[in-house]
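One file, entry_12.cif, is given below (mmCIF, C-alpha atoms).
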```
data_work
loop_
_atom_site.label_atom_id
_atom_site.label_comp_id
_atom_site.auth_asym_id
_atom_site.auth_seq_id
_atom_site.Cartn_x
_atom_site.Cartn_y
_atom_site.Cartn_z
CA MET A 1 0.00 0.00 0.00
CA ILE A 2 1.25 3.47 -0.79
CA PHE A 3 0.27 6.17 1.65
CA ALA A 4 1.92 9.50 0.78
CA SER A 5 1.40 10.91 4.24
CA PHE A 6 2.31 7.69 6.03
CA THR A 7 5.64 6.75 4.45
CA ARG A 8 7.17 5.49 7.65
CA ARG A 9 4.30 3.13 8.39
CA ALA A 10 4.27 1.83 4.82
CA ALA A 11 7.96 1.05 5.02
CA LEU A 12 7.40 -1.01 8.13
CA VAL A 13 4.53 -2.94 6.60
CA GLY A 14 6.75 -3.88 3.67
CA VAL A 15 6.71 -4.37 -0.03
CA ALA A 16 3.64 -6.59 -0.15
CA ILE A 17 1.43 -3.89 1.32
CA ALA A 18 3.01 -1.25 -0.88
CA LEU A 19 2.01 -3.24 -3.94
CA LEU A 20 -1.65 -3.06 -3.02
CA GLY A 21 -1.88 0.53 -4.18
CA LEU A 22 -5.05 1.18 -2.18
CA SER A 23 -4.26 4.66 -0.97
CA ALA A 24 -7.63 5.19 0.64
CA CYS A 25 -7.55 2.26 3.05
CA GLY A 26 -5.70 3.53 6.09
CA GLY A 27 -8.09 1.86 8.50
CA GLY A 28 -7.97 1.60 12.24
CA ASP A 29 -7.86 5.31 13.10
CA GLU A 30 -8.13 5.55 16.88
CA THR A 31 -9.29 8.18 19.33
CA LYS A 32 -7.21 9.19 22.31
CA ALA A 33 -9.21 6.77 24.44
CA GLY A 34 -8.19 3.89 22.21
CA ALA A 35 -11.55 3.27 20.53
CA PRO A 36 -11.23 3.20 16.71
CA THR A 37 -13.06 5.79 14.62
CA LYS A 38 -13.04 3.45 11.63
CA ILE A 39 -12.83 -0.31 11.11
CA THR A 40 -11.42 -1.84 7.93
CA PHE A 41 -12.71 -5.32 7.07
CA SER A 42 -10.62 -7.45 4.71
CA ILE A 43 -12.20 -9.73 2.10
CA LEU A 44 -10.53 -12.14 -0.28
CA SER A 45 -11.84 -11.62 -3.79
CA ALA A 46 -10.12 -13.06 -6.84
CA GLU A 47 -12.09 -10.70 -9.06
CA GLY A 48 -11.97 -7.63 -6.81
CA GLN A 49 -14.66 -5.35 -5.47
CA ALA A 50 -16.94 -5.69 -8.49
CA SER A 51 -17.83 -9.30 -7.66
CA ALA A 52 -17.56 -9.44 -3.87
CA GLY A 53 -18.56 -5.88 -2.98
CA PRO A 54 -22.31 -6.16 -3.58
CA LEU A 55 -22.49 -9.39 -1.56
CA TRP A 56 -20.62 -8.07 1.49
CA GLN A 57 -21.69 -4.41 1.53
CA PRO A 58 -25.12 -4.94 3.18
CA LEU A 59 -23.49 -6.90 6.01
CA LEU A 60 -20.79 -4.27 6.49
CA GLU A 61 -23.42 -1.54 6.60
CA ASP A 62 -25.32 -3.50 9.24
CA MET A 63 -22.08 -3.99 11.16
CA SER A 64 -21.40 -0.23 11.07
CA THR A 65 -24.80 0.44 12.57
CA ALA A 66 -24.46 -2.24 15.23
CA ILE A 67 -21.03 -1.24 16.52
CA GLY A 68 -21.38 2.51 16.03
CA VAL A 69 -18.19 2.79 13.95
CA PRO A 70 -17.90 3.10 10.15
CA VAL A 71 -16.77 -0.16 8.52
CA GLU A 72 -14.95 -0.07 5.19
CA PRO A 73 -14.06 -3.05 2.97
CA PHE A 74 -10.51 -3.95 1.98
CA PHE A 75 -10.33 -6.27 -1.04
CA GLY A 76 -7.29 -8.39 -1.77
CA SER A 77 -6.65 -11.02 -4.42
CA ASN A 78 -4.40 -13.30 -2.34
CA TYR A 79 -4.04 -14.41 1.24
CA THR A 80 -0.51 -13.10 1.82
CA VAL A 81 -1.57 -9.54 1.07
CA LEU A 82 -4.50 -9.77 3.49
CA VAL A 83 -2.48 -11.27 6.34
CA GLU A 84 0.15 -8.57 5.88
CA ALA A 85 -2.56 -5.93 5.86
CA MET A 86 -3.79 -7.13 9.24
CA ARG A 87 -0.25 -7.42 10.57
CA GLY A 88 0.37 -3.80 9.61
CA ASN A 89 -2.95 -2.73 11.20
CA GLN A 90 -4.30 -1.65 7.83
CA THR A 91 -7.23 -3.95 8.61
CA GLN A 92 -8.69 -4.81 12.00
CA VAL A 93 -11.35 -7.40 11.13
CA ALA A 94 -11.15 -10.08 8.46
CA TRP A 95 -12.97 -12.93 6.79
CA PHE A 96 -10.27 -15.59 6.37
CA SER A 97 -10.33 -19.17 5.26
CA ALA A 98 -8.73 -21.54 7.73
CA LYS A 99 -5.06 -21.61 6.68
CA PRO A 100 -4.58 -17.83 6.42
CA ALA A 101 -6.54 -17.54 9.67
CA VAL A 102 -3.77 -19.55 11.37
CA GLU A 103 -1.20 -17.30 9.68
CA ALA A 104 -3.02 -14.22 10.95
CA ILE A 105 -3.10 -15.60 14.49
CA ASP A 106 0.59 -16.45 14.43
CA ARG A 107 1.85 -13.39 12.60
CA ALA A 108 -0.74 -10.62 12.94
CA ASP A 109 -1.90 -10.79 16.57
CA ALA A 110 -5.34 -11.95 15.43
CA GLU A 111 -7.95 -14.00 17.25
CA VAL A 112 -11.05 -15.91 16.14
CA ILE A 113 -14.45 -14.61 17.19
CA ALA A 114 -16.73 -16.71 14.96
CA ARG A 115 -16.80 -19.37 12.27
CA THR A 116 -19.09 -19.51 9.26
CA VAL A 117 -21.90 -22.02 8.70
CA ASN A 118 -23.10 -22.70 5.16
CA LYS A 119 -26.71 -22.78 3.96
CA GLU A 120 -26.90 -26.52 4.59
CA GLY A 121 -25.88 -26.02 8.22
CA LEU A 122 -22.30 -27.27 7.75
CA ASP A 123 -19.29 -25.51 9.23
CA SER A 124 -16.76 -27.47 7.16
CA TYR A 125 -16.05 -28.10 3.49
CA ARG A 126 -13.76 -30.31 1.41
CA SER A 127 -10.83 -29.86 -0.91
CA THR A 128 -11.33 -31.46 -4.31
CA LEU A 129 -9.40 -32.54 -7.37
CA VAL A 130 -11.22 -31.74 -10.61
CA VAL A 131 -10.82 -32.78 -14.25
CA LYS A 132 -12.67 -31.90 -17.43
CA THR A 133 -15.96 -33.76 -17.76
CA GLY A 134 -15.58 -36.59 -20.24
CA SER A 135 -11.78 -36.54 -20.17
CA GLY A 136 -11.62 -40.02 -18.68
CA ILE A 137 -8.86 -38.97 -16.28
CA THR A 138 -9.00 -41.00 -13.05
CA LEU A 139 -7.45 -40.48 -9.64
CA ASP A 140 -5.24 -43.54 -10.13
CA GLN A 141 -3.88 -42.04 -13.33
CA VAL A 142 -3.15 -38.75 -11.58
CA LEU A 143 -1.34 -40.47 -8.71
CA ALA A 144 0.71 -42.54 -11.16
CA CYS A 145 2.59 -39.34 -12.05
CA GLY A 146 4.93 -39.82 -15.01
CA LYS A 147 4.73 -36.14 -16.01
CA ARG A 148 1.65 -36.94 -18.03
CA PHE A 149 -0.69 -34.14 -16.93
CA ASP A 150 -0.64 -30.36 -16.59
CA PHE A 151 -1.63 -29.56 -12.99
CA GLY A 152 -3.23 -26.52 -11.38
CA ILE A 153 -2.53 -26.03 -7.69
CA GLY A 154 -3.76 -23.28 -5.38
CA ASP A 155 -2.22 -20.24 -3.76
CA ALA A 156 0.63 -21.33 -1.50
CA GLN A 157 -1.42 -20.18 1.51
CA SER A 158 -4.67 -21.80 0.39
CA THR A 159 -6.11 -24.39 2.75
CA SER A 160 -8.05 -26.39 0.17
CA GLY A 161 -6.03 -25.39 -2.87
CA THR A 162 -2.66 -26.51 -1.55
CA LEU A 163 -2.43 -27.57 2.10
CA ALA A 164 -5.19 -30.21 2.17
CA PRO A 165 -4.29 -32.00 -1.08
CA MET A 166 -0.66 -32.09 -0.01
CA ALA A 167 -1.44 -33.37 3.52
CA PHE A 168 -4.19 -35.84 2.64
CA LEU A 169 -3.33 -36.94 -0.90
CA PHE A 170 0.22 -36.27 -2.05
CA ASN A 171 2.43 -36.31 1.05
CA PRO A 172 1.24 -39.74 2.30
CA ARG A 173 2.24 -41.17 -1.09
CA GLY A 174 5.54 -39.32 -1.29
CA ILE A 175 4.36 -37.35 -4.32
CA VAL A 176 5.99 -34.00 -5.12
CA PRO A 177 3.79 -32.19 -7.68
CA ALA A 178 6.73 -30.54 -9.44
CA GLN A 179 8.23 -33.99 -10.04
CA CYS A 180 4.92 -35.73 -10.73
CA PHE A 181 3.28 -33.52 -13.34
CA LYS A 182 4.32 -32.19 -16.75
CA THR A 183 3.70 -28.61 -15.59
CA VAL A 184 2.43 -27.03 -12.36
CA ARG A 185 0.77 -23.64 -12.26
CA SER A 186 -0.60 -21.81 -9.22
CA ALA A 187 -3.91 -19.94 -9.32
CA ASN A 188 -7.05 -19.34 -7.29
CA HIS A 189 -9.94 -21.81 -7.35
CA GLN A 190 -12.00 -19.99 -9.95
CA ALA A 191 -9.06 -19.62 -12.32
CA ASN A 192 -8.14 -23.28 -11.89
CA ALA A 193 -11.72 -24.34 -12.57
CA PHE A 194 -11.82 -22.31 -15.78
CA ALA A 195 -8.42 -23.73 -16.78
CA VAL A 196 -9.73 -27.28 -16.39
CA ALA A 197 -13.00 -26.54 -18.18
CA THR A 198 -11.18 -24.97 -21.14
CA GLY A 199 -8.40 -27.56 -21.33
CA VAL A 200 -5.55 -25.30 -20.21
CA VAL A 201 -4.72 -27.81 -17.47
CA ASP A 202 -5.75 -31.44 -17.13
CA VAL A 203 -6.35 -31.60 -13.38
CA ALA A 204 -6.50 -28.99 -10.64
CA THR A 205 -7.32 -28.45 -7.00
CA SER A 206 -10.60 -26.82 -6.04
CA ASN A 207 -13.13 -27.13 -3.22
CA THR A 208 -16.79 -27.82 -2.61
CA VAL A 209 -17.47 -24.12 -1.91
CA ASN A 210 -16.22 -23.23 -5.38
CA THR A 211 -18.44 -25.96 -6.82
CA VAL A 212 -21.48 -24.29 -5.28
CA PHE A 213 -20.34 -20.89 -6.56
CA LEU A 214 -19.84 -22.14 -10.12
CA ASN A 215 -23.19 -23.93 -10.21
CA ARG A 216 -24.85 -20.68 -9.19
CA GLN A 217 -22.82 -18.15 -11.19
CA ASN A 218 -21.57 -20.11 -14.19
CA PRO A 219 -23.39 -23.41 -14.67
CA ALA A 220 -21.93 -23.86 -18.16
CA ILE A 221 -18.42 -23.99 -16.71
CA ALA A 222 -19.58 -26.12 -13.77
CA ALA A 223 -20.93 -28.72 -16.20
CA GLN A 224 -17.46 -29.05 -17.71
CA ILE A 225 -15.86 -30.06 -14.40
CA THR A 226 -15.93 -33.41 -12.60
CA GLU A 227 -14.57 -34.18 -9.12
CA ILE A 228 -12.30 -37.23 -8.81
CA TRP A 229 -11.24 -36.77 -5.16
CA GLN A 230 -12.47 -35.14 -1.95
CA SER A 231 -10.52 -34.52 1.24
CA PRO A 232 -11.71 -35.13 4.79
CA PRO A 233 -13.72 -32.19 6.22
CA ILE A 234 -11.85 -28.89 6.55
CA PRO A 235 -12.92 -26.17 9.01
CA GLU A 236 -14.87 -23.42 7.26
CA SER A 237 -13.75 -19.81 7.15
CA GLY A 238 -13.81 -17.59 10.22
CA ILE A 239 -14.11 -14.00 11.33
CA LEU A 240 -10.96 -12.69 13.02
CA VAL A 241 -10.07 -9.47 14.80
CA ARG A 242 -6.79 -8.00 15.82
CA GLY A 243 -6.02 -8.93 19.41
CA ASP A 244 -5.21 -5.35 20.36
CA LEU A 245 -8.52 -3.96 19.12
CA ASP A 246 -10.41 -1.93 21.72
CA PRO A 247 -12.13 -4.55 23.96
CA ALA A 248 -15.51 -2.82 23.91
CA ILE A 249 -15.56 -2.65 20.11
CA LYS A 250 -14.31 -6.23 19.90
CA GLU A 251 -17.24 -7.46 21.96
CA LYS A 252 -19.70 -5.45 19.87
CA ILE A 253 -18.27 -7.06 16.74
CA ARG A 254 -18.49 -10.52 18.31
CA SER A 255 -22.10 -9.95 19.35
CA PHE A 256 -22.99 -8.62 15.91
CA PHE A 257 -21.77 -11.73 14.09
CA LEU A 258 -23.19 -14.24 16.58
CA THR A 259 -26.67 -12.71 16.44
CA TYR A 260 -26.79 -11.76 12.77
CA GLY A 261 -29.69 -13.36 10.94
CA GLN A 262 -31.00 -15.01 14.10
CA GLY A 263 -34.42 -14.69 15.66
CA GLU A 264 -37.74 -13.78 14.08
CA GLY A 265 -39.19 -10.78 12.32
CA VAL A 266 -38.71 -8.67 9.22
CA GLU A 267 -35.17 -7.56 10.12
CA ALA A 268 -33.97 -11.08 10.87
CA ASP A 269 -35.46 -12.23 7.56
CA ARG A 270 -33.62 -9.46 5.71
CA GLN A 271 -30.35 -10.40 7.39
CA ARG A 272 -30.85 -14.03 6.45
CA ARG A 273 -31.19 -12.95 2.81
CA VAL A 274 -27.87 -11.13 3.13
CA LEU A 275 -26.30 -14.29 4.55
CA ALA A 276 -27.83 -16.40 1.78
CA GLY A 277 -26.08 -14.22 -0.79
CA LEU A 278 -22.80 -15.14 0.88
CA GLU A 279 -23.83 -18.84 0.95
CA TYR A 280 -24.06 -18.76 4.76
CA SER A 281 -26.83 -19.43 7.26
CA GLN A 282 -25.14 -18.04 10.37
CA PHE A 283 -21.92 -17.26 12.20
CA ARG A 284 -21.21 -19.69 15.03
CA ALA A 285 -19.20 -18.97 18.19
CA ALA A 286 -15.62 -20.22 17.97
CA ASP A 287 -12.13 -19.62 19.25
CA ASP A 288 -8.66 -20.37 17.89
CA ASN A 289 -8.97 -24.08 18.78
CA TYR A 290 -11.39 -24.71 15.93
CA LEU A 291 -8.38 -24.33 13.64
CA ASN A 292 -6.49 -27.25 15.21
CA PRO A 293 -7.19 -29.51 12.17
CA ILE A 294 -5.40 -26.92 10.05
CA ARG A 295 -2.47 -26.83 12.44
CA GLU A 296 -2.35 -30.61 12.16
CA MET A 297 -2.08 -30.36 8.38
CA ILE A 298 0.62 -27.72 8.71
CA ALA A 299 2.60 -29.96 11.06
CA ASP A 300 2.26 -32.83 8.60
CA GLN A 301 3.64 -30.63 5.85
CA GLN A 302 6.50 -29.46 8.06
CA LEU A 303 7.33 -33.07 8.89
CA THR A 304 7.52 -33.97 5.20
CA GLU A 305 9.77 -31.01 4.47
CA ALA A 306 12.01 -31.75 7.45
CA ARG A 307 12.44 -35.35 6.35
CA GLU A 308 13.31 -34.24 2.83
CA LYS A 309 16.00 -31.95 4.23
CA GLY A 310 17.29 -34.52 6.70
CA ASP A 311 16.76 -32.05 9.53
CA THR A 312 16.56 -34.30 12.59
CA ALA A 313 15.64 -31.53 15.01
CA ALA A 314 12.84 -30.27 12.77
CA VAL A 315 11.55 -33.82 12.31
CA THR A 316 11.40 -34.30 16.07
CA ALA A 317 9.61 -30.99 16.58
CA ALA A 318 7.05 -31.69 13.83
CA GLU A 319 6.37 -35.19 15.14
CA ALA A 320 5.81 -33.82 18.64
CA GLU A 321 3.40 -31.17 17.33
CA LEU A 322 1.51 -33.76 15.31
CA GLN A 323 1.17 -35.99 18.35
CA ARG A 324 -0.06 -33.10 20.49
CA LEU A 325 -2.71 -32.12 17.97
CA ARG A 326 -3.82 -35.70 17.35
CA VAL A 327 -4.34 -36.23 21.08
CA LEU A 328 -6.46 -33.05 21.21
CA ARG A 329 -8.53 -34.30 18.30
CA GLU A 330 -9.05 -37.71 19.90
CA VAL A 331 -10.40 -36.25 23.15
CA GLN A 332 -12.94 -34.02 21.41
CA PRO A 333 -16.59 -35.05 21.93
#
```

Taking this structure as input, can you express it in the form of structure tokens?
Amino acid sequence: MIFASFTRRAALVGVAIALLGLSACGGGDETKAGAPTKITFSILSAEGQASAGPLWQPLLEDMSTAIGVPVEPFFGSNYTVLVEAMRGNQTQVAWFSAKPAVEAIDRADAEVIARTVNKEGLDSYRSTLVVKTGSGITLDQVLACGKRFDFGIGDAQSTSGTLAPMAFLFNPRGIVPAQCFKTVRSANHQANAFAVATGVVDVATSNTVNTVFLNRQNPAIAAQITEIWQSPPIPESGILVRGDLDPAIKEKIRSFFLTYGQGEGVEADRQRRVLAGLEYSQFRAADDNYLNPIREMIADQQLTEAREKGDTAAVTAAEAELQRLRVLREVQP
């Protein structure tokens, strides 16, 4: 981000924020008492404000009214930019999928206040592998490698686009995509889906959320895509706030999300229509622990990398973290 009057801050945030070029999104202005006079809410949108803005704007307007502070959107096209924006306090509240949510907690002093629930009442989704309908490509053929197929993987920080297929599909079989496929290209889910449908790549990662989106927004493209693999359930996206946000405002934000679209009456019905546009039915109470399955996948990836490098200390640390997280999972009701 480039802020002419805030050069020093921009330098501290770093090159990634500078590249955003959103000079109007300072965000997080605070009064002397510590309460912010503006909240900036970050949203991942591969196609920018034009596609995501109309869906999120009614909710952000309702949030502004509920918390008594103006809320402005901050659109980014990749997870790294959005995590860095929160780390630099350019944003104070964010809608993150699970993997960047962990990054934001670890690197941007963020904390979870809610998790999303889809229209079917599910708070998880699945990573998928997709091929062109009628191509005849099977999962066994994909896993046979041999540099036969062009492969589309997700953003390096994407939970379902990269982390889940590596942890649940490729790593257990010792498969390194760069060595397995003819070519590997990285893109977001929508771009990968279009690449498969148009024959640019043979197979790509996606997720069940993107499947719903394509069936609604572009059924012609959706009809050209077939799933050949699904991962175990992955925690859905969450709402995060900076940990140092004014406590009173933080609780107002938490209350807003947990009550939004609930209850009876005309207003609750209107809010439910807003949620439906986002493919959600509600926001459910959650804390950082709901992301433990993601941390387990991260530890699995770290273990694989440590073994490849022959780093004994890193292997020991990753194994210990995996064991800790697996014990936590086993004792859950």

Check what the PyMOL selection byres ((chain A and resi 209) around 10) selects in the file above and give those residues as a ChimeraX atom specification. /A:118,124-128,160,189,206-208,210-214,236,279

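Proximity to A:Arg173 was assessed for A:Asp269, A:Glu227, A:Asp140, A:Glu321 counting only C-alpha atoms; the smallest distance is recorded for A:Asp140.
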
Since I can't run it myself right now, could you work out what the PyMOL selection byres ((chain A and resi 182) around 10) selects here and report it as an MDAnalysis selection string? chainID A and resid 145:151 177:181 183:184

Give as a list in words the set of residues within 8 Å of the point (-16.2, -2.5, 16.3), where distances use the file's coordinates and only C-alpha atoms. Pro36, Ile39, Met63, Ser64, Ile67, Gly68, Val69, Asp246, Ala248, Ile249, Lys250, Glu251, Lys252 and Ile253 of chain A

Once the PyMOL selection byres ((chain A and resi 169) around 12) has been evaluated on this model, what residues remain selected, and can you format them as a VMD selection string? chain A and resid 127 to 129 139 to 140 142 to 143 160 162 to 168 170 to 177 205 228 to 232 297 300 to 301

Rounded to one decimal, what separation in Å do you get between atom CA of A:Leu291 and atom CA of A:Arg324?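 For atom CA of A:Leu291 relative to atom CA of A:Arg324, the distance reads 13.9 Å.
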
Tell me, as a ChimeraX atom specification, which residues lie within 12 Å of A:Ala114, counting all atoms listed in the file; anything in the same chain fewer than 2 positions away does not count. /A:93-98,101,111-112,116-117,123,235-241,250-251,253-260,282-291

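Interatomic distance, atom CA of A:Ile105 to atom CA of A:Arg87: 9.5 Å.
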
Might you pull out every residue within 8 Å of A:Pro73, with all atoms listed in the file counted and same-chain residues fewer than 2 positions away left off, and present them as a PyMOL selection string? chain A and resi 40-43+53+57+60+71+75

Write the residues of the selection above to a file with C-alpha atoms, as a compact mmCIF listing (two decimals), in the frame of the given file.
```txt
# COMPACT_ATOMS: atom_id res chain seq x y z
CA THR A 40 -11.42 -1.84 7.93
CA PHE A 41 -12.71 -5.32 7.07
CA SER A 42 -10.62 -7.45 4.71
CA ILE A 43 -12.20 -9.73 2.10
CA GLY A 53 -18.56 -5.88 -2.98
CA GLN A 57 -21.69 -4.41 1.53
CA LEU A 60 -20.79 -4.27 6.49
CA VAL A 71 -16.77 -0.16 8.52
CA PHE A 75 -10.33 -6.27 -1.04
```
